[in-house]
Amino acid sequence: MDGKVRARNRCGWKRLALLFMALCLWTAAAGGLAQPANVALHVEFKQAAGKSRAPAGKPVAVAWLTPLGGNSEPERVPEKRTYRMVQKNKQFDPHLLVVPVGSLVQFPNHDPFFHNVFSLYNGKRFDLGLYETGSERGVRFDREGVSYIFCNIHPEMGAVILALSTPYFAVSVDGAIAFPPVPPGRYTLNVWSEGATQESMTAARQQVTVGPDRNDLGSVSLVATPSPVLHHANKFGAPYPATKGPGSSGSQY
């Protein structure tokens, strides 16, 4: 009798062990399918129709992936924090800043004269007014979009802030874009560059699938155009005053 009991117990333990092993294998397989993937993209620039010369160098591009409904993984919320775009030597540093929607960007003035930071583009419209050396003012970028940043005093100053609602973005290096790990699923791919036409950026927008068998999104082609930063009006929509020539009186600006 005891032998039959022991035999039944052994069979029960074996069944439990097999069930446990099957559960472990299933968990590992499911986890493997849901692992974020490293995603690559290449951005090419071509000259506009009628232009005889190709664009000099490769403009910087930003690409981002916006999750579509139905993805198995919960969407990761981008981290909001404070960023800085410094004004120094009549330049903005960095020239391009990508931030999550809702982030605060501070604009410290490290020059020995006044600045007046403003933007009139669709990303975030603001005017910080005149402020002196050693001080700073900030703006919260609470909506997605592109903001071209200028100074109302110095026409040579220009920069770009791109606010995004997804954490899956990357900036190109010599045309190559390497995204941070992206969960498998369906996404809308957007590509932007200050040196590209709006029409070509709209045409580059597409739906893509990220998964174990497709981590290279191939190439997209943008049409090169002069940056809006190079030629722009002041905050009143008027041309900047002509720069004073050598020998003219100095200015606090």
# chains A, B, ... in the order shown; residues from 1 in each chain; ligands from 1
$ residues_around --residues "Ser219 in chain A" --least-positions-apart "4" --cutoff "8 Å" --atoms "only C-alpha atoms" --output "VMD selection string"
chain A and resid 41 to 44
$ write_last_selection --atoms "N, CA, C and O atoms" --output "compact mmCIF listing (two decimals), in the first residue's frame"
# COMPACT_ATOMS: atom_id res chain seq x y z
N LEU A 41 17.42 53.58 -39.28
CA LEU A 41 16.85 54.29 -40.44
C LEU A 41 17.96 55.11 -41.07
O LEU A 41 18.87 55.58 -40.38
N HIS A 42 17.88 55.28 -42.39
CA HIS A 42 18.85 56.13 -43.09
C HIS A 42 18.11 57.25 -43.81
O HIS A 42 17.08 57.00 -44.46
N VAL A 43 18.61 58.47 -43.67
CA VAL A 43 17.99 59.63 -44.30
C VAL A 43 18.92 60.17 -45.38
O VAL A 43 20.10 60.45 -45.13
N GLU A 44 18.38 60.30 -46.58
CA GLU A 44 19.14 60.84 -47.71
C GLU A 44 18.56 62.19 -48.11
O GLU A 44 17.35 62.42 -48.00
$ select_by_dssp --residues "range 35-232 of chain A" --states "strand (DSSP E or B)" --output "PyMOL selection string"
chain A and resi 37+40-46+62-67+82-84+86-88+91-93+96-100+103-109+115-119+126-131+136-141+145-151+158-164+169-171+173+176-178+182+185-192+196+206-211+214+216-224
$ atom_distance --atom1 "CA of Pro100 in chain A" --atom2 "CA of Val146 in chain A"
12.0 Å
$ atom_distance --atom1 "CA of Leu120 in chain A" --atom2 "CA of Ala48 in chain A"
26.8 Å
$ residues_around --residues "Arg143 in chain A" --least-positions-apart "5" --cutoff "10 Å" --atoms "only C-alpha atoms" --output "list of chain:residue names"
A:Pro100, A:Val101, A:Gly102, A:Ser103, A:Asn122, A:Gly123, A:Lys124, A:Leu162, A:Ala163, A:Leu164, A:Ser165
$ write_last_selection --atoms "N, CA and C atoms" --output "CSV table (one decimal), in the first residue's frame"
chain,number,residue,atom,x,y,z
A,100,PRO,N,10.7,66.3,-24.6
A,100,PRO,CA,9.4,65.8,-24.4
A,100,PRO,C,8.4,66.9,-24.2
A,101,VAL,N,7.2,66.7,-24.7
A,101,VAL,CA,6.1,67.7,-24.5
A,101,VAL,C,5.9,67.9,-23.0
A,102,GLY,N,5.8,69.2,-22.6
A,102,GLY,CA,5.6,69.5,-21.2
A,102,GLY,C,6.9,69.9,-20.5
A,103,SER,N,8.0,69.8,-21.2
A,103,SER,CA,9.3,70.2,-20.6
A,103,SER,C,9.5,71.7,-20.6
A,122,ASN,N,4.6,77.4,-35.2
A,122,ASN,CA,3.5,76.7,-34.6
A,122,ASN,C,3.7,75.8,-33.4
A,123,GLY,N,5.0,75.5,-33.2
A,123,GLY,CA,5.3,74.7,-32.0
A,123,GLY,C,5.0,75.3,-30.7
A,124,LYS,N,5.5,76.5,-30.5
A,124,LYS,CA,5.2,77.3,-29.3
A,124,LYS,C,5.5,78.8,-29.6
A,162,LEU,N,12.4,71.1,-30.9
A,162,LEU,CA,11.4,70.1,-31.4
A,162,LEU,C,10.8,69.4,-30.2
A,163,ALA,N,9.5,69.7,-29.9
A,163,ALA,CA,8.8,69.0,-28.8
A,163,ALA,C,8.0,67.8,-29.3
A,164,LEU,N,8.3,66.7,-28.6
A,164,LEU,CA,7.6,65.4,-29.1
A,164,LEU,C,6.9,64.7,-28.0
A,165,SER,N,5.8,64.0,-28.3
A,165,SER,CA,5.0,63.3,-27.3
A,165,SER,C,5.4,61.8,-27.2
$ closest_residue --among "A:Ile177, A:Leu65, A:Met85, A:Leu189" --to "Val139 in chain A" --atoms "only C-alpha atoms"
A:Met85
$ select_by_dssp --residues "range 22-238 of chain A" --states "helix (DSSP H, G or I)" --output "PyMOL selection string"
chain A and resi 22-33+198-204
$ write_last_selection --atoms "all heavy atoms" --output "CSV table (one decimal), in the first residue's frame"
chain,number,residue,atom,x,y,z
A,22,ALA,N,7.2,23.9,-18.3
A,22,ALA,CA,6.4,24.4,-19.4
A,22,ALA,C,6.1,25.9,-19.2
A,22,ALA,O,6.1,26.7,-20.1
A,22,ALA,CB,5.1,23.6,-19.6
A,23,LEU,N,5.7,26.2,-18.0
A,23,LEU,CA,5.4,27.6,-17.6
A,23,LEU,C,6.6,28.5,-17.8
A,23,LEU,O,6.5,29.6,-18.3
A,23,LEU,CB,4.9,27.7,-16.2
A,23,LEU,CG,4.5,29.1,-15.7
A,23,LEU,CD1,3.3,29.7,-16.6
A,23,LEU,CD2,4.1,29.0,-14.2
A,24,CYS,N,7.8,28.0,-17.4
A,24,CYS,CA,9.0,28.8,-17.5
A,24,CYS,C,9.3,29.1,-19.0
A,24,CYS,O,9.7,30.1,-19.4
A,24,CYS,CB,10.2,28.1,-16.8
A,24,CYS,SG,10.1,28.2,-15.0
A,25,LEU,N,9.2,28.0,-19.8
A,25,LEU,CA,9.5,28.1,-21.3
A,25,LEU,C,8.5,29.1,-21.9
A,25,LEU,O,8.9,29.9,-22.8
A,25,LEU,CB,9.4,26.8,-21.9
A,25,LEU,CG,10.5,25.8,-21.6
A,25,LEU,CD1,10.2,24.4,-22.2
A,25,LEU,CD2,11.9,26.3,-22.1
A,26,TRP,N,7.2,29.0,-21.6
A,26,TRP,CA,6.3,29.9,-22.1
A,26,TRP,C,6.5,31.4,-21.8
A,26,TRP,O,6.5,32.3,-22.6
A,26,TRP,CB,4.9,29.5,-21.7
A,26,TRP,CG,3.8,30.4,-22.2
A,26,TRP,CD1,3.1,30.3,-23.4
A,26,TRP,CD2,3.3,31.6,-21.5
A,26,TRP,NE1,2.2,31.4,-23.5
A,26,TRP,CE2,2.3,32.2,-22.4
A,26,TRP,CE3,3.5,32.2,-20.3
A,26,TRP,CZ2,1.6,33.3,-22.1
A,26,TRP,CZ3,2.8,33.3,-20.0
A,26,TRP,CH2,1.8,33.9,-20.9
A,27,THR,N,6.9,31.6,-20.5
A,27,THR,CA,7.2,32.9,-20.0
A,27,THR,C,8.4,33.5,-20.8
A,27,THR,O,8.5,34.7,-21.2
A,27,THR,CB,7.5,33.0,-18.5
A,27,THR,OG1,6.3,32.4,-17.8
A,27,THR,CG2,7.8,34.4,-18.0
A,28,ALA,N,9.5,32.7,-20.9
A,28,ALA,CA,10.7,33.1,-21.6
A,28,ALA,C,10.4,33.5,-23.1
A,28,ALA,O,10.9,34.5,-23.6
A,28,ALA,CB,11.8,32.0,-21.5
A,29,ALA,N,9.6,32.6,-23.7
A,29,ALA,CA,9.2,32.8,-25.1
A,29,ALA,C,8.4,34.1,-25.2
A,29,ALA,O,8.6,34.9,-26.1
A,29,ALA,CB,8.4,31.7,-25.7
A,30,ALA,N,7.4,34.3,-24.4
A,30,ALA,CA,6.6,35.5,-24.4
A,30,ALA,C,7.4,36.8,-24.2
A,30,ALA,O,7.3,37.8,-24.8
A,30,ALA,CB,5.4,35.4,-23.4
A,31,GLY,N,8.4,36.7,-23.2
A,31,GLY,CA,9.2,37.8,-22.9
A,31,GLY,C,10.1,38.1,-24.1
A,31,GLY,O,10.4,39.3,-24.4
A,32,GLY,N,10.6,37.1,-24.8
A,32,GLY,CA,11.5,37.3,-25.9
A,32,GLY,C,10.7,38.0,-27.0
A,32,GLY,O,11.3,38.9,-27.7
A,33,LEU,N,9.5,37.7,-27.3
A,33,LEU,CA,8.7,38.3,-28.3
A,33,LEU,C,8.5,39.8,-28.0
A,33,LEU,O,8.3,40.6,-28.9
A,33,LEU,CB,7.4,37.6,-28.5
A,33,LEU,CG,7.4,36.2,-29.1
A,33,LEU,CD1,6.0,35.6,-29.1
A,33,LEU,CD2,8.0,36.2,-30.5
A,198,GLN,N,8.9,71.0,-46.7
A,198,GLN,CA,7.8,70.5,-46.0
A,198,GLN,C,7.1,69.3,-46.8
A,198,GLN,O,6.7,68.3,-46.2
A,198,GLN,CB,6.8,71.6,-45.6
A,198,GLN,CG,5.6,71.1,-44.8
A,198,GLN,CD,6.0,70.5,-43.5
A,198,GLN,OE1,6.7,71.1,-42.7
A,198,GLN,NE2,5.5,69.2,-43.3
A,199,GLU,N,7.1,69.5,-48.1
A,199,GLU,CA,6.5,68.5,-48.9
A,199,GLU,C,7.2,67.2,-48.8
A,199,GLU,O,6.5,66.1,-48.8
A,199,GLU,CB,6.4,69.0,-50.4
A,199,GLU,CG,5.5,70.2,-50.7
A,199,GLU,CD,6.1,71.5,-50.2
A,199,GLU,OE1,7.3,71.5,-49.9
A,199,GLU,OE2,5.4,72.5,-50.2
A,200,SER,N,8.5,67.2,-48.8
A,200,SER,CA,9.3,65.9,-48.8
A,200,SER,C,9.1,65.3,-47.4
A,200,SER,O,9.1,64.1,-47.3
A,200,SER,CB,10.7,66.2,-49.1
A,200,SER,OG,11.4,67.0,-48.2
A,201,MET,N,9.0,66.1,-46.3
A,201,MET,CA,8.9,65.5,-45.0
A,201,MET,C,7.5,64.9,-44.9
A,201,MET,O,7.3,63.9,-44.2
A,201,MET,CB,9.1,66.6,-43.9
A,201,MET,CG,10.5,67.1,-43.8
A,201,MET,SD,10.9,68.2,-42.5
A,201,MET,CE,10.1,69.7,-43.1
A,202,THR,N,6.5,65.5,-45.5
A,202,THR,CA,5.1,65.0,-45.4
A,202,THR,C,5.1,63.6,-46.2
A,202,THR,O,4.5,62.7,-45.8
A,202,THR,CB,4.1,65.9,-46.0
A,202,THR,OG1,4.1,67.1,-45.3
A,202,THR,CG2,2.7,65.3,-46.0
A,203,ALA,N,5.8,63.6,-47.3
A,203,ALA,CA,5.8,62.4,-48.1
A,203,ALA,C,6.6,61.2,-47.4
A,203,ALA,O,6.3,60.1,-47.7
A,203,ALA,CB,6.5,62.7,-49.5
A,204,ALA,N,7.5,61.6,-46.6
A,204,ALA,CA,8.3,60.6,-45.8
A,204,ALA,C,7.5,59.9,-44.7
A,204,ALA,O,7.9,58.9,-44.2
A,204,ALA,CB,9.6,61.2,-45.3
$ atom_distance --atom1 "CA of Phe141 in chain A" --atom2 "CA of Asn234 in chain A"
21.1 Å
$ residues_around --residues "Gln35 in chain A" --least-positions-apart "6" --cutoff "10 Å" --atoms "only C-alpha atoms" --output "PDB file with N, CA, C and O atoms, in the first residue's frame"
ATOM      1  N   GLU A  73       2.438  46.298 -25.985  1.00  0.00           N
ATOM      2  CA  GLU A  73       3.169  46.920 -24.885  1.00  0.00           C
ATOM      3  C   GLU A  73       2.546  48.267 -24.527  1.00  0.00           C
ATOM      4  O   GLU A  73       2.155  49.027 -25.407  1.00  0.00           O
ATOM      5  N   PRO A 181      15.861  51.522 -27.841  1.00  0.00           N
ATOM      6  CA  PRO A 181      15.032  50.307 -27.932  1.00  0.00           C
ATOM      7  C   PRO A 181      13.540  50.625 -28.032  1.00  0.00           C
ATOM      8  O   PRO A 181      13.008  51.402 -27.249  1.00  0.00           O
ATOM      9  N   VAL A 182      12.893  50.020 -29.030  1.00  0.00           N
ATOM     10  CA  VAL A 182      11.479  50.266 -29.321  1.00  0.00           C
ATOM     11  C   VAL A 182      10.700  48.969 -29.155  1.00  0.00           C
ATOM     12  O   VAL A 182      11.071  47.946 -29.744  1.00  0.00           O
ATOM     13  N   PRO A 183       9.612  48.942 -28.383  1.00  0.00           N
ATOM     14  CA  PRO A 183       8.802  47.729 -28.250  1.00  0.00           C
ATOM     15  C   PRO A 183       8.175  47.343 -29.581  1.00  0.00           C
ATOM     16  O   PRO A 183       7.846  48.209 -30.392  1.00  0.00           O
ATOM     17  N   PRO A 184       8.009  46.051 -29.842  1.00  0.00           N
ATOM     18  CA  PRO A 184       7.365  45.614 -31.084  1.00  0.00           C
ATOM     19  C   PRO A 184       5.962  46.194 -31.206  1.00  0.00           C
ATOM     20  O   PRO A 184       5.252  46.376 -30.219  1.00  0.00           O
ATOM     21  N   GLY A 211       9.430  44.766 -35.162  1.00  0.00           N
ATOM     22  CA  GLY A 211       9.331  43.412 -34.637  1.00  0.00           C
ATOM     23  C   GLY A 211      10.657  42.707 -34.727  1.00  0.00           C
ATOM     24  O   GLY A 211      11.643  43.265 -35.223  1.00  0.00           O
ATOM     25  N   PRO A 212      10.733  41.460 -34.260  1.00  0.00           N
ATOM     26  CA  PRO A 212      12.005  40.722 -34.278  1.00  0.00           C
ATOM     27  C   PRO A 212      12.575  40.546 -35.675  1.00  0.00           C
ATOM     28  O   PRO A 212      13.782  40.448 -35.842  1.00  0.00           O
TER      29      PRO A 212
END
$ residues_around --residues "His95 in chain A" --least-positions-apart "2" --cutoff "9 Å" --atoms "only C-alpha atoms" --output "list in words"
Met85, Gln91, Phe92, Asp93, Leu97, Gly158, Ala159, Val160 and Ile161 of chain A
$ decode --residues "range 152-172 of chain A" --atoms "C-alpha atoms" --output "short mmCIF file (atom, residue, chain, number, x, y, z; two decimals), in the first residue's frame"
data_model
loop_
_atom_site.label_atom_id
_atom_site.label_comp_id
_atom_site.auth_asym_id
_atom_site.auth_seq_id
_atom_site.Cartn_x
_atom_site.Cartn_y
_atom_site.Cartn_z
CA ASN A 152 14.86 90.14 -31.79
CA ILE A 153 18.13 92.09 -31.54
CA HIS A 154 20.65 89.84 -33.29
CA PRO A 155 19.50 88.43 -36.66
CA GLU A 156 22.41 85.96 -36.80
CA MET A 157 20.98 84.05 -33.83
CA GLY A 158 18.73 81.10 -34.66
CA ALA A 159 17.97 77.66 -33.24
CA VAL A 160 15.28 74.95 -33.26
CA ILE A 161 13.36 73.22 -30.47
CA LEU A 162 11.35 70.14 -31.39
CA ALA A 163 8.82 69.03 -28.75
CA LEU A 164 7.63 65.41 -29.09
CA SER A 165 5.03 63.30 -27.31
CA THR A 166 6.90 60.01 -27.86
CA PRO A 167 10.16 58.80 -26.29
CA TYR A 168 11.13 56.89 -29.45
CA PHE A 169 13.20 59.46 -31.38
CA ALA A 170 16.76 59.94 -32.54
CA VAL A 171 18.96 62.53 -34.29
CA SER A 172 20.89 61.60 -37.41
#
